Number of protein chains: 10
Amino acid sequence: MLKGLDPLLGPELLATLRAMGHGDELAIVDTNFPAASLGRPVIRLDGVPAPRVLDAVLSVMPLDDFVPESAWRMEVVGDPEAEMPIFSEFRHAIVARESASFRLGSLERFAFYERARQAFAVVVTGEQRLYGNILLKKGVVRPD
Amino acid sequence: MLKGLDPLLGPELLATLRAMGHGDELAIVDTNFPAASLGRPVIRLDGVPAPRVLDAVLSVMPLDDFVPESAWRMEVVGDPEAEMPIFSEFRHAIVARESASFRLGSLERFAFYERARQAFAVVVTGEQRLYGNILLKKGVVRPD
Amino acid sequence: MLKGLDPLLGPELLATLRAMGHGDELAIVDTNFPAASLGRPVIRLDGVPAPRVLDAVLSVMPLDDFVPESAWRMEVVGDPEAEMPIFSEFRHAIVARESASFRLGSLERFAFYERARQAFAVVVTGEQRLYGNILLKKGVVRPD
Amino acid sequence: MLKGLDPLLGPELLATLRAMGHGDELAIVDTNFPAASLGRPVIRLDGVPAPRVLDAVLSVMPLDDFVPESAWRMEVVGDPEAEMPIFSEFRHAIVARESASFRLGSLERFAFYERARQAFAVVVTGEQRLYGNILLKKGVVRPD
Amino acid sequence: MLKGLDPLLGPELLATLRAMGHGDELAIVDTNFPAASLGRPVIRLDGVPAPRVLDAVLSVMPLDDFVPESAWRMEVVGDPEAEMPIFSEFRHAIVARESASFRLGSLERFAFYERARQAFAVVVTGEQRLYGNILLKKGVVRPD
Amino acid sequence: MLKGLDPLLGPELLATLRAMGHGDELAIVDTNFPAASLGRPVIRLDGVPAPRVLDAVLSVMPLDDFVPESAWRMEVVGDPEAEMPIFSEFRHAIVARESASFRLGSLERFAFYERARQAFAVVVTGEQRLYGNILLKKGVVRPD
Amino acid sequence: MLKGLDPLLGPELLATLRAMGHGDELAIVDTNFPAASLGRPVIRLDGVPAPRVLDAVLSVMPLDDFVPESAWRMEVVGDPEAEMPIFSEFRHAIVARESASFRLGSLERFAFYERARQAFAVVVTGEQRLYGNILLKKGVVRPD
Amino acid sequence: MLKGLDPLLGPELLATLRAMGHGDELAIVDTNFPAASLGRPVIRLDGVPAPRVLDAVLSVMPLDDFVPESAWRMEVVGDPEAEMPIFSEFRHAIVARESASFRLGSLERFAFYERARQAFAVVVTGEQRLYGNILLKKGVVRPD
Amino acid sequence: MLKGLDPLLGPELLATLRAMGHGDELAIVDTNFPAASLGRPVIRLDGVPAPRVLDAVLSVMPLDDFVPESAWRMEVVGDPEAEMPIFSEFRHAIVARESASFRLGSLERFAFYERARQAFAVVVTGEQRLYGNILLKKGVVRPD
Amino acid sequence: MLKGLDPLLGPELLATLRAMGHGDELAIVDTNFPAASLGRPVIRLDGVPAPRVLDAVLSVMPLDDFVPESAWRMEVVGDPEAEMPIFSEFRHAIVARESASFRLGSLERFAFYERARQAFAVVVTGEQRLYGNILLKKGVVRPD
């Protein structure tokens with residue numbers, strides 16, 4: 001344990017978040033997501049809901065404000081306009097850690113996979129609800 | 001996810017439990033425990049309480065009934081008789097998954113470390129309470 | 001050995017099945033199949049018939065119900081309509097573990113190879129009968 | 001598959017048997033045996049009974065005739081004279097492949113573990129019966 | 001040494017031949033052949049003539065009978081019809097181990113290199129004669 | 001960069017501090033220190049003074065309050081009572097991040113080496129002053 | 001420490017600079033730069049400003065005089081003509097170590113990324129100012 | 001040291017030359033050459049002039065006599081006809097070890113780089129003169 | 001192939017002989033010898049008689065003349081004075097490559113194993129005769 | 001090549017010298033020395049005399065002035081007082097780079113081996129003269 005850091009941030013996840021730079025992307029995915037076959041480093045947080053992991057990540061990682069969108073969820077297959085309860089949980093976590101100016105974009109299932117295949121790393125959570133997946137683009141910390 | 005298996009049992013933990021044999025020991029430890037310096041394989045379950053992990057492990061792993069004791073907790077430093085709330089949570093998990101005939105032994109702090117240094121693997125949980133550590137000795141599954 | 005799990009599921013195979021996600025595919029092949037040259041991870045179950053391995057895998061792994069077909073056998077070379085005894089053994093295993101709604105698709109020999117080259121892993125069985133090969137697409141486990 | 005070789009002898013087991021030399025020992029153990037913690041290379045034959053594996057190994061590997069004993073089983077804990085059905089299956093396999101002049105020695109449980117810790121490799125079978133363990137010492141093939 | 005196996009078949013070569021499947025190809029080449037730069041696994045048998053290695057390989061490996069040709073030699077540079085003494089040694093080894101129905105095909109030098117670049121493995125012999133190279137396609141062993 | 005974390009804490013150092021547990025020790029050493037030959041993981045912070053690194057480490061890592069001393073400096077060779085300016089810089093950093101109740105112990109040069117050989121990791125700083133070395137013992141973070 | 005060498009040049013950076021040859025390029029980047037995702041070796045100098053690192057590198061590495069430009073900075077996004085204070089610090093370091101004849105070129109943000117993806121290595125500094133990035137092309141040392 | 005072998009031929013260089021086959025190419029380059037970025041194995045002979053290394057290599061390695069040219073030097077940038085003193089040293093070494101029938105070809109700077117990127121290995125010498133680079137194509141040793 | 005070198009000396013054996021220094025020992029052993037379990041690097045020359053390998057090794061490796069004995073054979077078990085035909089073949093090879101002043105020492109079977117466990121490397125030959133084992137101590141090459 | 005650095009100092013040697021700390025030792029040995037069997041990292045400088053390598057090393061590495069002796073040569077076997085020409089070459093290099101106050105100690109052959117087995121690394125030179133071996137203990141660089 002470290003002082004002042006969310007205990008969910010284990011050694012590997014902390015190192016990953018710190019090593020990421022401006023524009024690098026992180027995927028936080030549910031427990032059914034085909035994470036291992038993406039070919040990217042996988043960090044597991046079995047047993048922890050995805051919104052809880054999102055909150056821990058955003059407690060230290062800034063989102064990118066150079067671009068119009070820096071967070072994306074997966075769209076429901078066959079119903080791209082559908083709204084699942086977990087989507088608003090994602091939005092609340094973002095607003096609480098960043099600001100309401102960040103809107104949550106969306107990607108069709110296979111487009112989401114394709115994007116995740118370029119991610120810096122993939123965090124597999126214990127989220128059992130379907131569509132519990134989100135992609136984040138890291139921003140910069142400006143000098144004081 | 002797999003059918004009929006506790007979702008806490010991720011790929012590495014499942015493989016570890018399956019590879020262990022009769023008499024091999026597993027350490028399940030709290031988040032302050034010096035796990036990485038033991039020199040044994042480390043599996044992390046950040047964010048999950050230790051009794052919850054114990055329950056998941058015992059859902060598939062039998063305890064050893066060839067020996068008088070096959071589970072041990074760490075004793076409170078300077079007060080070996082002290083009883084912490086987590087100890088009874090450990091006992092309940094064992095009784096629920098095995099039987100009341102398994103008693104929970106105890107080891108002094110440094111004796112616990114020494115024993116854990118011989119373990120097959122160490123599971124680091126997100127347990128934040130002190131003394132949230134337990135050692136388990138694997139038993140056999142008898143043919144039908 | 002673990003409680004309640006088919007003993008055919010060794011450490012590596014369990015970890016593989018658990019790490020696979022929605023849409024990932026597994027190849028279960030006969031002993032003459034060119035498995036090692038596919039470039040995918042190989043798990044061996046020498047001495048065990050393919051339908052027996054299929055049954056063990058389906059005891060924990062759900063098939064994908066988002067797509068019309070989620071299991072495929074290899075077609076007989078030069079006689080794509082031919083029916084070999086092992087094909088119905090495959091169908092019985094699927095019906096017993098999933099439901100009759102899953103039909104067993106088929107692929108021409110080299111198309112089967114090409115598809116297996118994208119698989120998550122390949123399980124080499126001890127099946128000595130020719131055409132003892134099957135590809136499975138993993139589904140999701142829905143929250144309770 | 002190769003011509004004239006028992007199909008149980010997979011790539012890794014064949015290479016191991018061929019690389020072993022005069023006096024090197026091989027452990028063939030049951031599915032509950034603590035094989036992975038011995039620190040020796042492990043080869044798995046999940047799903048195959050131990051006497052069947054023993055027969056396959058002896059189909060190519062000679063036993064050592066420079067020493068009085070070159071095969072040992074584990075003794076029943078607390079009853080060293082006890083005779084289990086699998087012991088005579090082991091004896092039959094040895095007689096069938098070598099000759100009746102090879103007697104099957106025995107080792108107490110922890111002495112067996114200690115000896116196995118020096119083995120060239122450990123073959124984990126799918127044998128579910130307890131005490132399904134045997135140690136073999138390799139002999140020489142003399143020039144014609 | 002193992003009983004009943006050609007002593008030329010060392011640990012690595014045995015494992016390779018056993019791991020190969022239907023349609024996989026093996027290159028057996030002379031000592032001047034650019035084997036290491038093919039990017040395939042290399043097994044060395046320095047000091048042993050190529051026909052002797054071919055005989056040892058065919059003592060356990062079946063040739064493919066699903067295709068018109070399953071063995072190829074390299075053609076003499078600038079004289080594709082030329083017949084070198086080693087070609088008939090290759091043919092004799094094939095006939096002795098398989099049958100006269102297998103004809104020895106041929107490939108132009110650079111076509112041979114290209115094909116070898118796809119081989120499962122390359123066996124470098126001690127053959128000092130030029131053109132002492134042969135490619136083999138593995139067949140199946142049918143159930144009894 | 002991460003929000004709210006000292007920028008000196010790079011990916012590897014963060015992961016190391018997070019993976020350390022109760023009682024594990026970290027060595028922070030000057031640029032002449034024989035760090036690489038200790039056989040422990042080395043993390044470099046070339047160009048940064050040792051007290052600056054100490055401050056960054058203590059911004060997240062608690063010191064151990066189960067023991068009388070949890071920080072040690074190296075004694076001047078031949079003059080164990082000597083006080084170097086950097087010693088008080090070390091004390092100030094500790095007081096600022098922890099409390100005045102932590103006293104800075106001392107170890108003779110070769111005793112310091114011996115102790116560092118057991119450390120979890122060694123951080124090599126750019127400190128050019130001699131005796132710019134300190135050992136820290138990690139404490140626990142108690143639950144809220 | 002070594003005699004006569006800038007102490008910022010640690011073991012890995014020295015080896016990298018020495019191994020680079022004529023025309024190879026080195027990226028020196030700020031702390032927000034997405035260095036790890038470039039796929040090139042990363043050397044960290046957390047806590048050290050970029051112009052200070054540039055000076056240390058140029059104390060031993062010659063710039064390429066076979067080409068019109070051998071150093072490039074990143075252009076400000078949306079304002080390619082903008083001049084940031086760090087740009088002149090870069091120019092001063094180059095002039096001080098080489099000569100005024102070397103002009104500092106510039107690259108648009110994503111062109112800079114693309115070029116850095118071909119670099120020999122990337123040095124991540126502790127530079128917190130945005131646009132604190134520079135690419136250098138190594139020259140030759142001529143014989144005396 | 002070995003009897004009868006040039007002492008410049010160290011373990012790695014000897015193994016490399018022996019493993020090369022007919023048509024494989026070796027690059028011998030000067031100390032400013034961008035060898036490490038070619039992506040080929042690098043063998044260093046710091047402190048030794050290139051013609052001395054060439055002589056040692058040709059003491060055991062035959063040149064290819066199946067092709068019109070089997071050795072190439074780099075052309076002077078901007079002056080392809082220029083003759084540098086080291087070129088004749090290369091020619092003398094080739095004539096001394098092979099015969100005058102081997103002519104030294106030439107390649108433009110970037111064509112030389114491209115060709116070296118396909119080489120079996122690169123030997124970096126201590127040659128400080130510019131253009132001290134040569135590519136060799138290995139020939140065959142014919143049976144007696 | 002290389003000019004003037006015995007073709008039995010493959011890449012790995014050449015590198016090994018060159019890397020060995022004064023006093024390092026090499027074991028050349030028969031095909032039944034337990035080479036792989038010694039824990040030393042193993043080089044295989046399947047199919048080649050041991051005296052032939054000894055001759056190739058001594059064609060480049062000098063024996064040690066600082067000590068009374070620098071070559072040892074294994075004694076026949078139970079009959080240390082017994083003389084096997086291969087012993088004189090070993091003596092002839094030594095006399096032919098070095099001089100009659102080198103006598104062939106002998107070691108009891110298990111003393112030979114113990115000594116081989118300290119060897120630089122072990123060369124496994126195809127020698128099928130028992131006791132076809134020899135240990136060599138490398139000498140120096142003196143400057144001209 | 002780097003500006004102002006002896007060209008003998010290649011990437012690996014530079015990194016080694018920089019990573020060494022106060023009291024770490026480096027062995028520089030002749031071409032017959034059993035360097036590879038020491039079990040320490042080996043850096044080769046084939047073709048370069050030992051005194052030349054010593055000079056290059058001392059151009060950047062300070063000797064230890066905390067101890068009475070910080071450089072040792074090997075004594076002639078059987079004649080510990082013997083003075084070889086290379087010993088005075090070693091002394092000249094030390095005086096030229098450090099000062100006359102550093103005396104060259106000596107160690108008996110096997111004591112030298114034992115000491116070298118603890119060295120940080122071993123540099124194998126091309127020195128062909130016997131006894132061309134020296135051990136150096138690194139000192140500190142004091143702050144300005």
# chains A, B, ... in the order shown; residues from 1 in each chain; ligands from 1
>>> select_by_dssp(residues="stretch 1-80 of chain H", states="helix (DSSP H, G or I)", output="MDAnalysis selection string")
chainID H and resid 11:19 36:38 50:58
>>> write_last_selection(atoms="N, CA, C and O atoms", output="mmCIF file, in the first residue's frame")
data_model
loop_
_atom_site.group_PDB
_atom_site.id
_atom_site.type_symbol
_atom_site.label_atom_id
_atom_site.label_comp_id
_atom_site.auth_asym_id
_atom_site.auth_seq_id
_atom_site.Cartn_x
_atom_site.Cartn_y
_atom_site.Cartn_z
ATOM 1 N N PRO H 11 35.063 -16.651 -30.135
ATOM 2 C CA PRO H 11 34.028 -17.697 -30.132
ATOM 3 C C PRO H 11 32.825 -17.358 -30.996
ATOM 4 O O PRO H 11 32.368 -18.182 -31.788
ATOM 5 N N GLU H 12 32.320 -16.154 -30.864
ATOM 6 C CA GLU H 12 31.096 -15.802 -31.575
ATOM 7 C C GLU H 12 31.346 -15.674 -33.077
ATOM 8 O O GLU H 12 30.521 -16.097 -33.890
ATOM 9 N N LEU H 13 32.490 -15.106 -33.441
ATOM 10 C CA LEU H 13 32.785 -14.940 -34.864
ATOM 11 C C LEU H 13 33.014 -16.305 -35.528
ATOM 12 O O LEU H 13 32.523 -16.576 -36.627
ATOM 13 N N LEU H 14 33.743 -17.191 -34.841
ATOM 14 C CA LEU H 14 33.969 -18.532 -35.385
ATOM 15 C C LEU H 14 32.641 -19.260 -35.607
ATOM 16 O O LEU H 14 32.417 -19.878 -36.653
ATOM 17 N N ALA H 15 31.769 -19.205 -34.599
ATOM 18 C CA ALA H 15 30.476 -19.884 -34.713
ATOM 19 C C ALA H 15 29.664 -19.302 -35.861
ATOM 20 O O ALA H 15 28.990 -20.027 -36.604
ATOM 21 N N THR H 16 29.740 -17.997 -36.029
ATOM 22 C CA THR H 16 29.000 -17.334 -37.097
ATOM 23 C C THR H 16 29.500 -17.766 -38.468
ATOM 24 O O THR H 16 28.714 -18.125 -39.349
ATOM 25 N N LEU H 17 30.811 -17.744 -38.644
ATOM 26 C CA LEU H 17 31.386 -18.121 -39.939
ATOM 27 C C LEU H 17 31.063 -19.580 -40.262
ATOM 28 O O LEU H 17 30.784 -19.932 -41.403
ATOM 29 N N ARG H 18 31.089 -20.444 -39.216
ATOM 30 C CA ARG H 18 30.822 -21.874 -39.435
ATOM 31 C C ARG H 18 29.343 -22.118 -39.766
ATOM 32 O O ARG H 18 29.014 -22.993 -40.567
ATOM 33 N N ALA H 19 28.472 -21.333 -39.155
ATOM 34 C CA ALA H 19 27.028 -21.520 -39.371
ATOM 35 C C ALA H 19 26.565 -20.961 -40.714
ATOM 36 O O ALA H 19 25.544 -21.390 -41.245
ATOM 37 N N ALA H 36 24.347 -1.357 -35.333
ATOM 38 C CA ALA H 36 23.340 -1.885 -34.405
ATOM 39 C C ALA H 36 21.923 -1.684 -34.906
ATOM 40 O O ALA H 36 21.015 -2.444 -34.567
ATOM 41 N N SER H 37 21.708 -0.649 -35.728
ATOM 42 C CA SER H 37 20.344 -0.380 -36.182
ATOM 43 C C SER H 37 19.942 -1.208 -37.396
ATOM 44 O O SER H 37 18.814 -1.105 -37.863
ATOM 45 N N LEU H 38 20.838 -2.056 -37.883
ATOM 46 C CA LEU H 38 20.494 -2.898 -39.037
ATOM 47 C C LEU H 38 19.550 -4.026 -38.640
ATOM 48 O O LEU H 38 18.871 -4.607 -39.477
ATOM 49 N N ALA H 50 40.003 -2.762 -40.197
ATOM 50 C CA ALA H 50 39.141 -3.580 -41.038
ATOM 51 C C ALA H 50 39.911 -4.548 -41.944
ATOM 52 O O ALA H 50 39.523 -5.718 -42.071
ATOM 53 N N PRO H 51 41.003 -4.132 -42.601
ATOM 54 C CA PRO H 51 41.706 -5.091 -43.472
ATOM 55 C C PRO H 51 42.282 -6.274 -42.676
ATOM 56 O O PRO H 51 42.364 -7.389 -43.188
ATOM 57 N N ARG H 52 42.667 -6.015 -41.427
ATOM 58 C CA ARG H 52 43.180 -7.104 -40.574
ATOM 59 C C ARG H 52 42.054 -8.105 -40.282
ATOM 60 O O ARG H 52 42.281 -9.322 -40.303
ATOM 61 N N VAL H 53 40.838 -7.598 -40.032
ATOM 62 C CA VAL H 53 39.691 -8.478 -39.784
ATOM 63 C C VAL H 53 39.344 -9.247 -41.056
ATOM 64 O O VAL H 53 39.078 -10.455 -41.018
ATOM 65 N N LEU H 54 39.375 -8.570 -42.192
ATOM 66 C CA LEU H 54 39.081 -9.226 -43.467
ATOM 67 C C LEU H 54 40.026 -10.403 -43.693
ATOM 68 O O LEU H 54 39.608 -11.502 -44.086
ATOM 69 N N ASP H 55 41.302 -10.189 -43.422
ATOM 70 C CA ASP H 55 42.282 -11.258 -43.605
ATOM 71 C C ASP H 55 41.972 -12.448 -42.697
ATOM 72 O O ASP H 55 42.060 -13.602 -43.133
ATOM 73 N N ALA H 56 41.618 -12.179 -41.459
ATOM 74 C CA ALA H 56 41.311 -13.270 -40.532
ATOM 75 C C ALA H 56 40.078 -14.050 -40.998
ATOM 76 O O ALA H 56 40.044 -15.274 -40.949
ATOM 77 N N VAL H 57 39.066 -13.333 -41.442
ATOM 78 C CA VAL H 57 37.837 -13.990 -41.910
ATOM 79 C C VAL H 57 38.144 -14.870 -43.128
ATOM 80 O O VAL H 57 37.725 -16.033 -43.198
ATOM 81 N N LEU H 58 38.909 -14.335 -44.075
ATOM 82 C CA LEU H 58 39.195 -15.090 -45.300
ATOM 83 C C LEU H 58 40.179 -16.240 -45.049
ATOM 84 O O LEU H 58 40.354 -17.108 -45.916
#
>>> interface_residues(of="chain E", to="chain I", cutoff="6 Å", atoms="only C-alpha atoms", output="MDAnalysis selection string")
chainID E and resid 1 8 32 46:47
>>> closest_residue(among="E:Gly39, E:Gly4, E:Pro85, E:Pro62", to="E:Val141", atoms="only C-alpha atoms")
E:Pro62
>>> select_by_dssp(residues="stretch 28-62 of chain I", states="strand (DSSP E)", output="MDAnalysis selection string")
chainID I and resid 28:29 42:45
>>> write_last_selection(atoms="C-alpha atoms", output="compact mmCIF listing (two decimals), in the first residue's frame")
# COMPACT_ATOMS: atom_id res chain seq x y z
CA ILE I 28 33.51 -36.29 -24.64
CA VAL I 29 31.05 -39.06 -23.81
CA VAL I 42 25.56 -30.22 -23.98
CA ILE I 43 26.71 -30.44 -27.62
CA ARG I 44 25.52 -33.47 -29.57
CA LEU I 45 27.39 -35.34 -32.29
